[in-house]
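Student: The following file, protein-v4.tsv, comprises TSV, C-alpha atoms and all ligand atoms:
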chain	number	residue	atom	x	y	z
K	12	MET	CA	-22.23	-0.67	-22.98
K	13	GLY	CA	-19.79	1.90	-21.73
K	14	SER	CA	-19.30	0.69	-18.19
K	15	VAL	CA	-15.82	0.47	-16.78
K	16	THR	CA	-14.82	-2.67	-14.90
K	17	ALA	CA	-12.02	-3.35	-12.45
K	18	SER	CA	-11.65	-7.12	-12.40
K	19	ILE	CA	-9.85	-8.21	-9.25
K	20	ASN	CA	-8.06	-11.52	-9.55
K	21	LEU	CA	-8.15	-12.97	-6.03
K	22	HIS	CA	-6.01	-15.91	-7.06
K	23	ALA	CA	-3.31	-13.44	-8.13
K	24	LEU	CA	-3.42	-11.86	-4.66
K	25	GLN	CA	-2.84	-15.24	-3.09
K	26	HIS	CA	-0.04	-15.99	-5.53
K	27	ASN	CA	1.64	-12.70	-4.62
K	28	LEU	CA	1.32	-13.44	-0.90
K	29	LEU	CA	3.01	-16.79	-1.52
K	30	ARG	CA	5.78	-14.98	-3.35
K	31	VAL	CA	6.35	-12.85	-0.22
K	32	LYS	CA	6.54	-16.01	1.86
K	33	GLN	CA	9.01	-17.60	-0.57
K	34	LEU	CA	11.24	-14.55	-0.43
K	35	ALA	CA	11.17	-14.29	3.36
K	36	PRO	CA	10.19	-17.68	4.74
K	37	ASN	CA	11.04	-16.81	8.34
K	38	GLY	CA	9.03	-13.62	8.60
K	39	LYS	CA	5.43	-13.16	9.56
K	40	VAL	CA	3.41	-11.26	6.99
K	41	ILE	CA	1.38	-8.18	7.78
K	42	SER	CA	-0.46	-7.41	4.56
K	43	VAL	CA	-0.83	-3.68	4.10
K	44	ILE	CA	-4.45	-3.05	3.13
K	45	LYS	CA	-4.76	0.67	3.87
K	46	ALA	CA	-6.56	3.01	1.45
K	47	ASN	CA	-9.20	0.39	0.66
K	48	ALA	CA	-6.47	-2.17	-0.08
K	49	TYR	CA	-4.70	0.18	-2.49
K	50	GLY	CA	-8.02	0.77	-4.24
K	51	HIS	CA	-8.87	-2.93	-4.70
K	52	GLY	CA	-11.67	-3.23	-2.11
K	53	VAL	CA	-10.59	-3.99	1.43
K	54	LEU	CA	-12.98	-6.76	2.45
K	55	PRO	CA	-12.55	-9.16	-0.48
K	56	VAL	CA	-8.82	-8.48	-0.37
K	57	ALA	CA	-8.61	-9.20	3.38
K	58	ASP	CA	-10.57	-12.37	2.78
K	59	ALA	CA	-8.28	-13.50	-0.05
K	60	LEU	CA	-5.22	-12.69	2.08
K	61	SER	CA	-6.44	-14.65	5.08
K	62	ASP	CA	-3.16	-16.57	5.14
K	63	SER	CA	-1.44	-13.39	6.28
K	64	ASP	CA	-0.46	-13.16	9.95
K	65	GLY	CA	-2.06	-9.74	10.25
K	66	PHE	CA	-3.10	-6.60	8.46
K	67	ALA	CA	-1.85	-3.03	8.56
K	68	VAL	CA	-3.89	0.10	7.98
K	69	ALA	CA	-3.03	3.76	8.39
K	70	ARG	CA	-6.04	5.19	10.23
K	71	LEU	CA	-8.31	4.24	13.10
K	72	ASP	CA	-11.44	4.42	10.90
K	73	GLU	CA	-9.97	1.79	8.61
K	74	ALA	CA	-9.24	-0.52	11.53
K	75	CYS	CA	-12.71	0.03	13.07
K	76	TYR	CA	-14.30	-0.90	9.76
K	77	LEU	CA	-12.32	-4.14	9.54
K	78	ARG	CA	-13.25	-5.14	13.10
K	79	LYS	CA	-16.93	-4.29	12.47
K	80	GLN	CA	-16.84	-6.56	9.46
K	81	GLY	CA	-15.65	-9.40	11.65
K	82	ILE	CA	-11.93	-9.41	10.90
K	83	ASN	CA	-10.33	-10.82	14.04
K	84	LYS	CA	-6.73	-11.02	12.93
K	85	THR	CA	-3.93	-8.87	14.27
K	86	ILE	CA	-4.33	-5.31	12.98
K	87	ILE	CA	-1.49	-2.80	13.20
K	88	LEU	CA	-2.42	0.86	13.15
K	89	LEU	CA	0.51	2.44	11.34
K	90	GLU	CA	-0.07	6.11	12.17
K	91	GLY	CA	-1.24	5.62	15.74
K	92	VAL	CA	-3.89	7.79	17.42
K	93	TYR	CA	-4.09	11.17	19.09
K	94	SER	CA	-6.63	11.28	21.92
K	95	ILE	CA	-7.58	9.34	25.05
K	96	GLU	CA	-10.88	8.41	23.43
K	97	GLU	CA	-9.08	6.97	20.42
K	98	TYR	CA	-6.77	4.98	22.72
K	99	ARG	CA	-9.86	3.57	24.41
K	100	GLN	CA	-11.19	2.44	21.03
K	101	CYS	CA	-7.86	0.84	20.13
K	102	PHE	CA	-7.88	-1.04	23.42
K	103	GLU	CA	-11.43	-2.27	22.88
K	104	LEU	CA	-10.75	-3.28	19.30
K	105	GLN	CA	-7.49	-4.98	20.32
K	106	LEU	CA	-5.38	-3.18	17.74
K	107	ILE	CA	-1.63	-3.08	17.85
K	108	LEU	CA	-0.90	0.58	18.00
K	109	VAL	CA	2.14	2.29	16.55
K	110	ILE	CA	3.53	5.09	18.70
K	111	GLN	CA	5.37	7.41	16.35
K	112	SER	CA	5.83	10.58	18.46
K	113	MET	CA	6.44	11.70	22.04
K	114	GLU	CA	2.99	13.24	22.03
K	115	GLN	CA	1.44	9.87	21.28
K	116	PHE	CA	3.56	8.20	23.95
K	117	HIS	CA	2.42	10.67	26.61
K	118	CYS	CA	-1.18	10.25	25.53
K	119	LEU	CA	-0.82	6.48	25.89
K	120	LYS	CA	0.54	6.93	29.42
K	121	GLU	CA	-2.29	9.25	30.28
K	122	PHE	CA	-4.84	6.79	28.93
K	123	PHE	CA	-3.45	4.00	31.05
K	124	GLY	CA	-3.17	6.28	34.05
K	125	GLN	CA	-6.85	7.22	33.79
K	126	HIS	CA	-8.19	3.84	32.86
K	127	GLN	CA	-6.10	1.61	35.06
K	128	PRO	CA	-8.93	1.05	37.54
K	129	LEU	CA	-11.30	0.18	34.69
K	130	ILE	CA	-9.03	-2.41	33.17
K	131	SER	CA	-9.26	-5.46	35.33
K	132	GLN	CA	-6.13	-7.36	36.19
K	133	LYS	CA	-7.26	-10.89	35.56
K	134	ASN	CA	-4.72	-12.99	33.75
K	135	ASN	CA	-6.95	-13.74	30.81
K	136	ASP	CA	-7.68	-10.09	30.09
K	137	PRO	CA	-6.27	-8.84	26.83
K	138	VAL	CA	-2.99	-7.02	26.76
K	139	PHE	CA	-2.71	-3.69	25.01
K	140	GLU	CA	0.19	-4.04	22.60
K	141	TYR	CA	2.07	-1.23	20.98
K	142	TRP	CA	5.08	-0.82	18.73
K	143	LEU	CA	7.49	2.08	18.71
K	144	LYS	CA	8.17	3.56	15.31
K	145	LEU	CA	11.73	4.83	14.97
K	146	ASP	CA	12.76	7.54	12.58
K	147	THR	CA	15.90	6.09	11.04
K	148	GLY	CA	16.15	8.61	8.23
K	149	MET	CA	12.79	9.07	6.52
K	150	HIS	CA	12.09	12.09	8.75
K	151	ARG	CA	8.36	11.75	8.41
K	152	LEU	CA	6.99	9.79	11.36
K	153	GLY	CA	8.93	8.12	14.16
K	154	LEU	CA	10.91	8.82	17.32
K	155	SER	CA	14.32	10.38	16.81
K	156	LYS	CA	17.44	8.85	18.38
K	157	ASP	CA	17.32	11.40	21.19
K	158	GLU	CA	13.65	10.80	21.86
K	159	LEU	CA	14.16	7.05	22.15
K	160	THR	CA	17.10	7.58	24.49
K	161	TYR	CA	15.02	9.94	26.60
K	162	LEU	CA	12.21	7.40	26.88
K	163	LEU	CA	14.55	4.58	27.78
K	164	GLU	CA	16.16	6.69	30.49
K	165	ASN	CA	13.04	8.28	31.91
K	166	GLU	CA	10.12	5.94	31.37
K	167	THR	CA	11.44	2.68	32.72
K	168	ASP	CA	8.56	2.46	35.19
K	169	PHE	CA	6.05	2.53	32.40
K	170	PHE	CA	7.95	0.00	30.30
K	171	SER	CA	8.32	-2.44	33.18
K	172	ASP	CA	4.86	-2.05	34.71
K	173	MET	CA	3.44	-5.25	33.32
K	174	LYS	CA	0.46	-5.05	35.62
K	175	SER	CA	-0.79	-2.24	33.43
K	176	LYS	CA	-1.10	-4.80	30.66
K	177	CYS	CA	0.43	-2.37	28.26
K	178	LEU	CA	3.15	-4.15	26.37
K	179	LEU	CA	5.85	-2.82	24.09
K	180	SER	CA	5.90	-5.75	21.67
K	181	GLY	CA	7.71	-4.39	18.63
K	182	ILE	CA	9.75	-1.72	16.96
K	183	MET	CA	9.44	-0.69	13.36
K	184	SER	CA	10.87	1.78	10.90
K	185	HIS	CA	10.25	2.65	7.27
K	186	PHE	CA	12.76	2.97	4.41
K	187	SER	CA	12.75	6.15	2.41
K	188	CYS	CA	14.64	4.78	-0.62
K	189	ALA	CA	14.18	1.01	-0.63
K	190	ASP	CA	13.04	1.22	-4.25
K	191	GLU	CA	16.54	2.45	-5.16
K	192	VAL	CA	18.51	-0.69	-4.54
K	193	ASP	CA	21.97	0.92	-4.38
K	194	ASN	CA	21.04	3.99	-2.39
K	195	PRO	CA	23.39	4.25	0.64
K	196	VAL	CA	20.51	5.65	2.71
K	197	ASN	CA	19.19	2.06	2.97
K	198	ASP	CA	22.33	0.79	4.72
K	199	ALA	CA	22.39	3.82	7.00
K	200	GLN	CA	18.76	3.28	8.03
K	201	LEU	CA	19.32	-0.42	8.62
K	202	LEU	CA	22.41	0.25	10.74
K	203	GLN	CA	20.59	2.79	12.88
K	204	PHE	CA	17.61	0.48	13.31
K	205	ASN	CA	19.83	-2.37	14.51
K	206	GLN	CA	21.75	-0.07	16.86
K	207	GLN	CA	18.54	1.23	18.38
K	208	TYR	CA	17.23	-2.28	18.79
K	209	HIS	CA	20.35	-3.17	20.79
K	210	GLN	CA	19.96	-0.01	22.83
K	211	LEU	CA	16.40	-1.03	23.61
K	212	MET	CA	17.31	-4.57	24.53
K	213	ALA	CA	20.07	-3.34	26.81
K	214	THR	CA	17.43	-1.58	28.86
K	215	GLN	CA	16.66	-3.58	31.97
K	216	ALA	CA	12.95	-2.75	31.94
K	217	ILE	CA	12.46	-4.01	28.40
K	218	LYS	CA	14.79	-6.87	27.89
K	219	LEU	CA	12.35	-9.48	29.12
K	220	ASN	CA	9.75	-8.45	26.55
K	221	PRO	CA	9.77	-10.30	23.26
K	222	VAL	CA	10.27	-7.10	21.24
K	223	THR	CA	9.98	-7.95	17.55
K	224	LYS	CA	11.33	-5.97	14.60
K	225	SER	CA	9.72	-4.82	11.37
K	226	MET	CA	11.22	-2.79	8.60
K	227	ALA	CA	10.57	-4.35	5.20
K	228	ASN	CA	8.07	-2.95	2.72
K	229	SER	CA	7.74	-4.58	-0.72
K	230	ALA	CA	10.99	-3.18	-2.09
K	231	ALA	CA	12.95	-4.39	0.94
K	232	ILE	CA	11.27	-7.80	0.82
K	233	LEU	CA	12.48	-8.12	-2.76
K	234	ALA	CA	15.92	-6.55	-2.45
K	235	ILE	CA	17.13	-6.17	1.16
K	236	PRO	CA	17.03	-9.59	2.85
K	237	GLU	CA	18.92	-8.22	5.90
K	238	ALA	CA	15.85	-6.11	6.60
K	239	HIS	CA	13.33	-8.93	6.66
K	240	PHE	CA	13.39	-9.38	10.47
K	241	ASP	CA	10.27	-10.68	12.27
K	242	TRP	CA	7.37	-8.94	10.56
K	243	LEU	CA	7.18	-8.10	6.85
K	244	ARG	CA	4.92	-5.31	5.65
K	245	PRO	CA	4.24	-5.90	1.95
K	246	GLY	CA	1.86	-3.54	0.21
K	247	ILE	CA	2.22	-2.85	-3.50
K	248	MET	CA	3.74	-6.24	-4.39
K	249	LEU	CA	0.63	-8.02	-3.09
K	250	TYR	CA	-1.28	-6.18	-5.79
K	251	GLY	CA	1.11	-7.47	-8.44
K	252	VAL	CA	3.05	-4.26	-8.99
K	253	SER	CA	6.81	-3.84	-8.89
K	254	PRO	CA	8.05	-1.36	-6.29
K	255	PHE	CA	10.92	-0.72	-8.72
K	256	GLU	CA	8.69	0.84	-11.35
K	257	SER	CA	10.79	4.03	-11.28
K	258	ALA	CA	14.13	2.22	-11.56
K	259	ASN	CA	16.18	2.41	-14.70
K	260	PRO	CA	15.38	0.20	-16.53
K	261	ARG	CA	11.86	0.17	-15.14
K	262	ARG	CA	10.53	-3.09	-13.85
K	263	THR	CA	7.04	-4.51	-13.80
K	264	GLY	CA	5.35	-6.97	-11.48
K	265	LEU	CA	6.04	-9.77	-13.96
K	266	ASP	CA	9.80	-9.16	-13.54
K	267	GLU	CA	9.32	-9.85	-9.82
K	268	GLN	CA	7.27	-13.00	-10.55
K	269	LEU	CA	4.09	-11.31	-9.38
K	270	MET	CA	0.68	-11.52	-11.01
K	271	PRO	CA	-1.35	-8.38	-11.72
K	272	VAL	CA	-4.42	-8.22	-9.51
K	273	MET	CA	-6.50	-5.43	-11.04
K	274	THR	CA	-7.41	-5.38	-14.71
K	275	LEU	CA	-9.16	-2.17	-15.68
K	276	SER	CA	-11.21	-2.45	-18.83
K	277	SER	CA	-13.90	-0.69	-20.82
K	278	GLN	CA	-15.31	-0.75	-24.34
K	279	VAL	CA	-14.95	0.97	-27.64
K	280	ILE	CA	-18.06	3.18	-27.96
K	281	ALA	CA	-17.37	4.83	-31.34
K	282	ILE	CA	-15.12	4.36	-34.35
K	283	LYS	CA	-14.41	7.39	-36.53
K	284	LYS	CA	-12.71	7.83	-39.88
K	285	LEU	CA	-10.87	11.14	-39.75
K	286	LYS	CA	-8.98	13.11	-42.39
K	287	LYS	CA	-5.42	14.37	-42.27
K	288	GLY	CA	-5.43	17.59	-40.19
K	289	ASP	CA	-8.61	16.79	-38.20
K	290	CYS	CA	-7.97	17.57	-34.53
K	291	ILE	CA	-9.30	15.49	-31.67
K	292	GLY	CA	-10.83	16.30	-28.30
K	293	TYR	CA	-10.51	19.21	-25.86
K	294	GLY	CA	-8.05	21.86	-26.86
K	295	ALA	CA	-7.81	20.26	-30.31
K	296	SER	CA	-4.37	19.34	-29.01
K	297	TRP	CA	-3.69	16.42	-31.36
K	298	CYS	CA	-4.31	16.48	-35.09
K	299	CYS	CA	-4.28	13.52	-37.48
K	300	PRO	CA	-0.99	13.36	-39.44
K	301	HIS	CA	-2.83	11.44	-42.19
K	302	ASP	CA	-6.27	9.98	-42.85
K	303	MET	CA	-6.87	7.54	-40.04
K	304	THR	CA	-9.32	5.58	-37.89
K	305	ILE	CA	-9.81	6.61	-34.29
K	306	GLY	CA	-11.48	4.60	-31.55
K	307	VAL	CA	-13.33	6.27	-28.69
K	308	ILE	CA	-13.17	4.33	-25.42
K	309	ALA	CA	-15.47	4.87	-22.46
K	310	ILE	CA	-12.98	5.70	-19.74
K	311	GLY	CA	-11.76	9.01	-18.40
K	312	TYR	CA	-10.56	10.83	-15.34
K	313	GLY	CA	-14.10	10.49	-13.95
K	314	ASP	CA	-13.22	6.81	-13.54
K	315	GLY	CA	-9.73	7.46	-12.24
K	316	TYR	CA	-7.85	7.12	-15.51
K	317	PRO	CA	-5.02	9.68	-15.25
K	318	ARG	CA	-5.84	12.96	-17.01
K	319	HIS	CA	-2.16	13.50	-17.62
K	320	ALA	CA	-1.75	10.31	-19.65
K	321	PRO	CA	-0.16	11.72	-22.80
K	322	THR	CA	-0.44	10.78	-26.45
K	323	GLY	CA	1.33	7.44	-26.82
K	324	THR	CA	0.09	5.88	-23.58
K	325	PRO	CA	-0.66	2.23	-24.44
K	326	VAL	CA	-4.16	0.74	-24.46
K	327	LEU	CA	-4.70	-2.95	-25.23
K	328	ILE	CA	-7.35	-3.91	-27.79
K	329	HIS	CA	-7.52	-7.43	-29.23
K	330	ASN	CA	-4.10	-8.14	-27.74
K	331	THR	CA	-2.57	-5.23	-29.64
K	332	GLU	CA	-1.21	-2.11	-27.99
K	333	VAL	CA	-2.63	0.98	-29.59
K	334	PRO	CA	-1.60	4.51	-28.57
K	335	LEU	CA	-3.84	7.03	-26.86
K	336	VAL	CA	-4.05	10.28	-28.85
K	337	GLY	CA	-5.30	13.67	-27.69
K	338	ARG	CA	-6.47	14.67	-24.23
K	339	VAL	CA	-8.11	12.43	-21.67
K	340	SER	CA	-11.59	13.74	-20.86
K	341	MET	CA	-13.91	12.89	-17.96
K	342	ASP	CA	-15.63	9.95	-19.66
K	343	MET	CA	-13.62	9.18	-22.78
K	344	ILE	CA	-10.24	8.69	-24.36
K	345	THR	CA	-9.36	8.38	-28.03
K	346	VAL	CA	-6.91	5.91	-29.53
K	347	ASP	CA	-5.22	5.52	-32.91
K	348	LEU	CA	-6.42	2.25	-34.47
K	349	SER	CA	-3.88	2.12	-37.32
K	350	LEU	CA	-2.04	-0.87	-35.85
K	351	LEU	CA	-5.22	-2.94	-35.73
K	352	GLU	CA	-5.94	-2.00	-39.33
K	353	GLU	CA	-2.42	-2.97	-40.38
K	354	LYS	CA	-2.93	-6.37	-38.79
K	355	SER	CA	-6.38	-6.59	-40.42
K	356	ILE	CA	-7.99	-7.09	-37.03
K	357	PRO	CA	-11.63	-6.04	-37.38
K	358	LEU	CA	-12.97	-3.76	-34.68
K	359	LYS	CA	-16.52	-2.92	-33.71
K	360	THR	CA	-18.17	-0.88	-31.02
K	361	GLY	CA	-18.53	-2.89	-27.84
K	362	ASP	CA	-15.09	-4.47	-28.20
K	363	LYS	CA	-13.04	-4.61	-25.02
K	364	ALA	CA	-10.20	-2.24	-24.26
K	365	ILE	CA	-7.79	-2.93	-21.40
K	366	LEU	CA	-6.31	0.13	-19.73
K	367	TRP	CA	-3.99	-1.86	-17.45
K	368	GLY	CA	-3.65	-5.26	-15.85
K	369	GLU	CA	-3.67	-8.58	-17.67
K	370	GLY	CA	-1.55	-8.12	-20.81
K	371	LEU	CA	-0.66	-4.48	-20.11
K	372	PRO	CA	1.41	-3.78	-16.97
K	373	ILE	CA	0.12	-0.79	-15.03
K	374	GLU	CA	3.74	0.36	-14.62
K	375	ARG	CA	3.75	1.20	-18.36
K	376	VAL	CA	0.79	3.53	-17.89
K	377	SER	CA	2.12	5.14	-14.70
K	378	GLN	CA	5.48	5.75	-16.37
K	379	LYS	CA	3.85	7.52	-19.32
K	380	SER	CA	1.60	9.53	-17.04
K	381	GLY	CA	4.41	10.75	-14.80
K	382	THR	CA	3.09	9.03	-11.70
K	383	ILE	CA	3.36	5.73	-9.86
K	384	ALA	CA	1.07	2.71	-9.97
K	385	TYR	CA	0.19	3.25	-6.28
K	386	GLU	CA	-1.60	6.48	-7.25
K	387	LEU	CA	-3.37	5.01	-10.27
K	388	LEU	CA	-4.75	2.14	-8.19
K	389	CYS	CA	-5.90	4.35	-5.32
K	390	GLN	CA	-7.64	6.88	-7.49
K	391	ILE	CA	-10.16	4.57	-9.21
K	392	THR	CA	-13.55	6.19	-8.58
K	393	GLN	CA	-16.85	4.82	-7.36
K	394	ARG	CA	-18.27	4.85	-10.88
K	395	VAL	CA	-16.14	1.81	-11.73
K	396	CYS	CA	-17.78	-1.58	-11.27
K	397	PHE	CA	-15.63	-4.04	-9.29
K	398	ARG	CA	-15.76	-7.75	-10.14
K	399	TYR	CA	-14.01	-10.29	-7.93
K	400	GLU	CA	-12.90	-13.44	-9.68
K	501	LIG	C1	4.75	2.03	7.31
K	501	LIG	C2	4.51	1.32	6.02
K	501	LIG	N1	4.90	0.04	5.90
K	501	LIG	C3	4.70	-0.65	4.75
K	501	LIG	C4	4.10	-0.05	3.66
K	501	LIG	C5	3.94	-0.84	2.39
K	501	LIG	O1	4.75	-0.29	1.40
K	501	LIG	P1	4.77	-0.89	-0.11
K	501	LIG	O2	3.40	-0.67	-0.63
K	501	LIG	O3	5.78	-0.07	-0.80
K	501	LIG	O4	5.11	-2.33	0.04
K	501	LIG	C6	3.70	1.27	3.76
K	501	LIG	C7	3.08	1.91	2.58
K	501	LIG	O5	3.12	3.07	2.36
K	501	LIG	C8	3.90	1.98	4.97
K	501	LIG	O6	3.52	3.25	5.10
Once you've parsed the file, please lay out its structure as structure tokens.
Tutor:
Amino acid sequence: MGSVTASINLHALQHNLLRVKQLAPNGKVISVIKANAYGHGVLPVADALSDSDGFAVARLDEACYLRKQGINKTIILLEGVYSIEEYRQCFELQLILVIQSMEQFHCLKEFFGQHQPLISQKNNDPVFEYWLKLDTGMHRLGLSKDELTYLLENETDFFSDMKSKCLLSGIMSHFSCADEVDNPVNDAQLLQFNQQYHQLMATQAIKLNPVTKSMANSAAILAIPEAHFDWLRPGIMLYGVSPFESANPRRTGLDEQLMPVMTLSSQVIAIKKLKKGDCIGYGASWCCPHDMTIGVIAIGYGDGYPRHAPTGTPVLIHNTEVPLVGRVSMDMITVDLSLLEEKSIPLKTGDKAILWGEGLPIERVSQKSGTIAYELLCQITQRVCFRYE
């Protein structure tokens, strides 16, 4: 007793992938499985999402791991790489590399300059593909307007040198506010992206390449159909979570016809009858307003449950939402069992408590805790036992 379980519903993952395909039937789907598939376990998730057209990860290590585990699909490396040695690895692993800065572009050129004699020119040799990431307003990663113009004016030899087998095959950008449906920044980013695409295609050296476009994360897949383009990049929605969890009114995955993938559960390990005025847990921060029964549940920030979850955060026991009371500790939380008593639902130690997932949307917990579901999912710790169903 007392072990915490993250049950991962693989069928729900597949359902959510189908939902992406329904929403954007003409796009290819790159499932975003960075950060250990948003905390769900990257290999079983990649396996369950095998109907995707490719996967995206942030870092080279993540891509290397997938290739080592035998994943042969297209893999896009969203942050790109920084040294000649890392370019060599990308080439060997046949990753599609994102170039998001001038520095990375120059490093790519240098890599091909140095390795040209090593890369044979036979027709059946693989091509090194890369995408340019454009900064259309997020101002995090991506080439600025001026940088793209500079490249198009000064690097035509590199773009047209097909013998090098280094192919610009796509452009991408990332929305900063796609989760705010009416934010004018979305239109501005989309406009700039389309303009830069036309600028690119008007460049003699490039126009023969089939340069594809990618801009849509989950929020844009759900709410900005004009941004669907060729490649979709769903992340959070695949895991059954609404990207609009911060909207007013807040939405949950169920509102988007998604199924929750992770259900985090534990057990009641003690039941205590307390008197009016008894205070609970560290800091004695919450005191009983009347005589009451408190349940102690084996979950805490040592498992990844948010320490900042305040009194009132819902926990599901016997299909009834009961409120957390007092502070979250490393291994335990305490809940007010009055509602179960009112409904005459008997409770004993060992009974299951659901922290989020099936029956209790994670968005409810993230809202209470002042964070987003992305963070809650990613911060589950190694102590939690994962079960794939
Ligand atoms: C470049 C890029 N594309 C797509 C995604 C997926 O976003 P979401 O999880 O909001 O669908 C991310 C996630 O952060 C990203 O960084």
Student: Could you give me, as a ChimeraX atom specification, the residues that sit within 9 Å of (13.7, -1.4, 30.9) in the file's coordinates, counting all atoms listed in the file?
Tutor: /K:163-164,166-171,211-219
Student: Please build the interface table for chain K against ligand LIG 501 (chain K) with a cut-off of 8 Å, listing for each qualifying residue the nearest atom pair and the distance in Å to one decimal; count only C-alpha atoms and all ligand atoms, order rows by chain and increasing number, and write it as a tab-separated table.
Tutor:
residue	atom	partner	partner_atom	distance
K:Val43	CA	K:LIG501	C5	5.8
K:Ala67	CA	K:LIG501	N1	7.9
K:Ala69	CA	K:LIG501	O6	7.3
K:Leu89	CA	K:LIG501	C1	5.9
K:Glu90	CA	K:LIG501	C1	8.0
K:Ser184	CA	K:LIG501	C1	7.1
K:His185	CA	K:LIG501	C1	5.5
K:Met226	CA	K:LIG501	N1	7.4
K:Ala227	CA	K:LIG501	C3	7.0
K:Asn228	CA	K:LIG501	O4	4.0
K:Ser229	CA	K:LIG501	O4	3.5
K:Ala230	CA	K:LIG501	O3	6.2
K:Arg244	CA	K:LIG501	C3	4.8
K:Pro245	CA	K:LIG501	O4	4.1
K:Gly246	CA	K:LIG501	O2	3.4
K:Ile247	CA	K:LIG501	O2	3.8
K:Met248	CA	K:LIG501	O4	6.1
K:Leu249	CA	K:LIG501	O4	7.9
K:Pro254	CA	K:LIG501	O3	6.1
K:Tyr385	CA	K:LIG501	O2	7.6
Student: Give the answer as one residue: which of K:Leu154, K:Ala17, K:Val31, K:Lys120 has the shortest atom-to-atom distance to Ile310 of chain K, using only C-alpha atoms?
Tutor: K:Ala17
Student: Just need the box for segment 14-17 of chain K, edges along x, y and z, holding every atom the file lists for it with 6 Å tacked onto each side, so centre and edge lengths in Å to one decimal, as lines of an AutoDock Vina configuration file.
Tutor:
center_x = -15.7
center_y = -1.3
center_z = -15.3
size_x = 19.3
size_y = 16.0
size_z = 17.7
Student: Please measure the separation of atom CA of Gln268 of chain K and atom CA of Gly251 of chain K, giving the value in Å to one decimal.
Tutor: 8.5 Å
Student: Between K:Glu140, K:Asp72, K:Glu96, K:Glu386, which one has atoms that come closest to Cys118 of chain K, using all atoms listed in the file?
Tutor: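 Going through K:Glu140, K:Asp72, K:Glu96, K:Glu386 one by one, the smallest distance to Cys118 of chain K is for K:Glu96.
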Student: For Cys396 of chain K, please output as a PDB file with C-alpha atoms, in the coordinates of the input all residues within 7 Å (counting all atoms listed in the file; exclusion window: fewer than 2 positions along the same chain).
Tutor:
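Output (selection03.pdb):
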ATOM      1  CA  VAL K  15     -15.820   0.470 -16.780  1.00  0.00           C
ATOM      2  CA  THR K  16     -14.820  -2.670 -14.900  1.00  0.00           C
ATOM      3  CA  ALA K  17     -12.020  -3.350 -12.450  1.00  0.00           C
ATOM      4  CA  ARG K 394     -18.270   4.850 -10.880  1.00  0.00           C
ATOM      5  CA  ARG K 398     -15.760  -7.750 -10.140  1.00  0.00           C
TER       6      ARG K 398
END
Student: Just want the 12 Å neighbourhood of Leu108 of chain K, counted on only C-alpha atoms, with same-chain residues fewer than 6 positions away dropped. Output as a ChimeraX atom specification.
Tutor: /K:67-71,74,85-93,97-102,115-116,119,138-144,177-183
Student: Can you pull out every residue within 9 Å of Ser377 of chain K, counting all atoms listed in the file, but drop anything in the same chain fewer than 6 positions away, and send it as a list in words?
Tutor: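 Those residues are Glu256, Pro317, Ala320, Ile383, Ala384, Tyr385, Glu386 and Leu387 of chain K.
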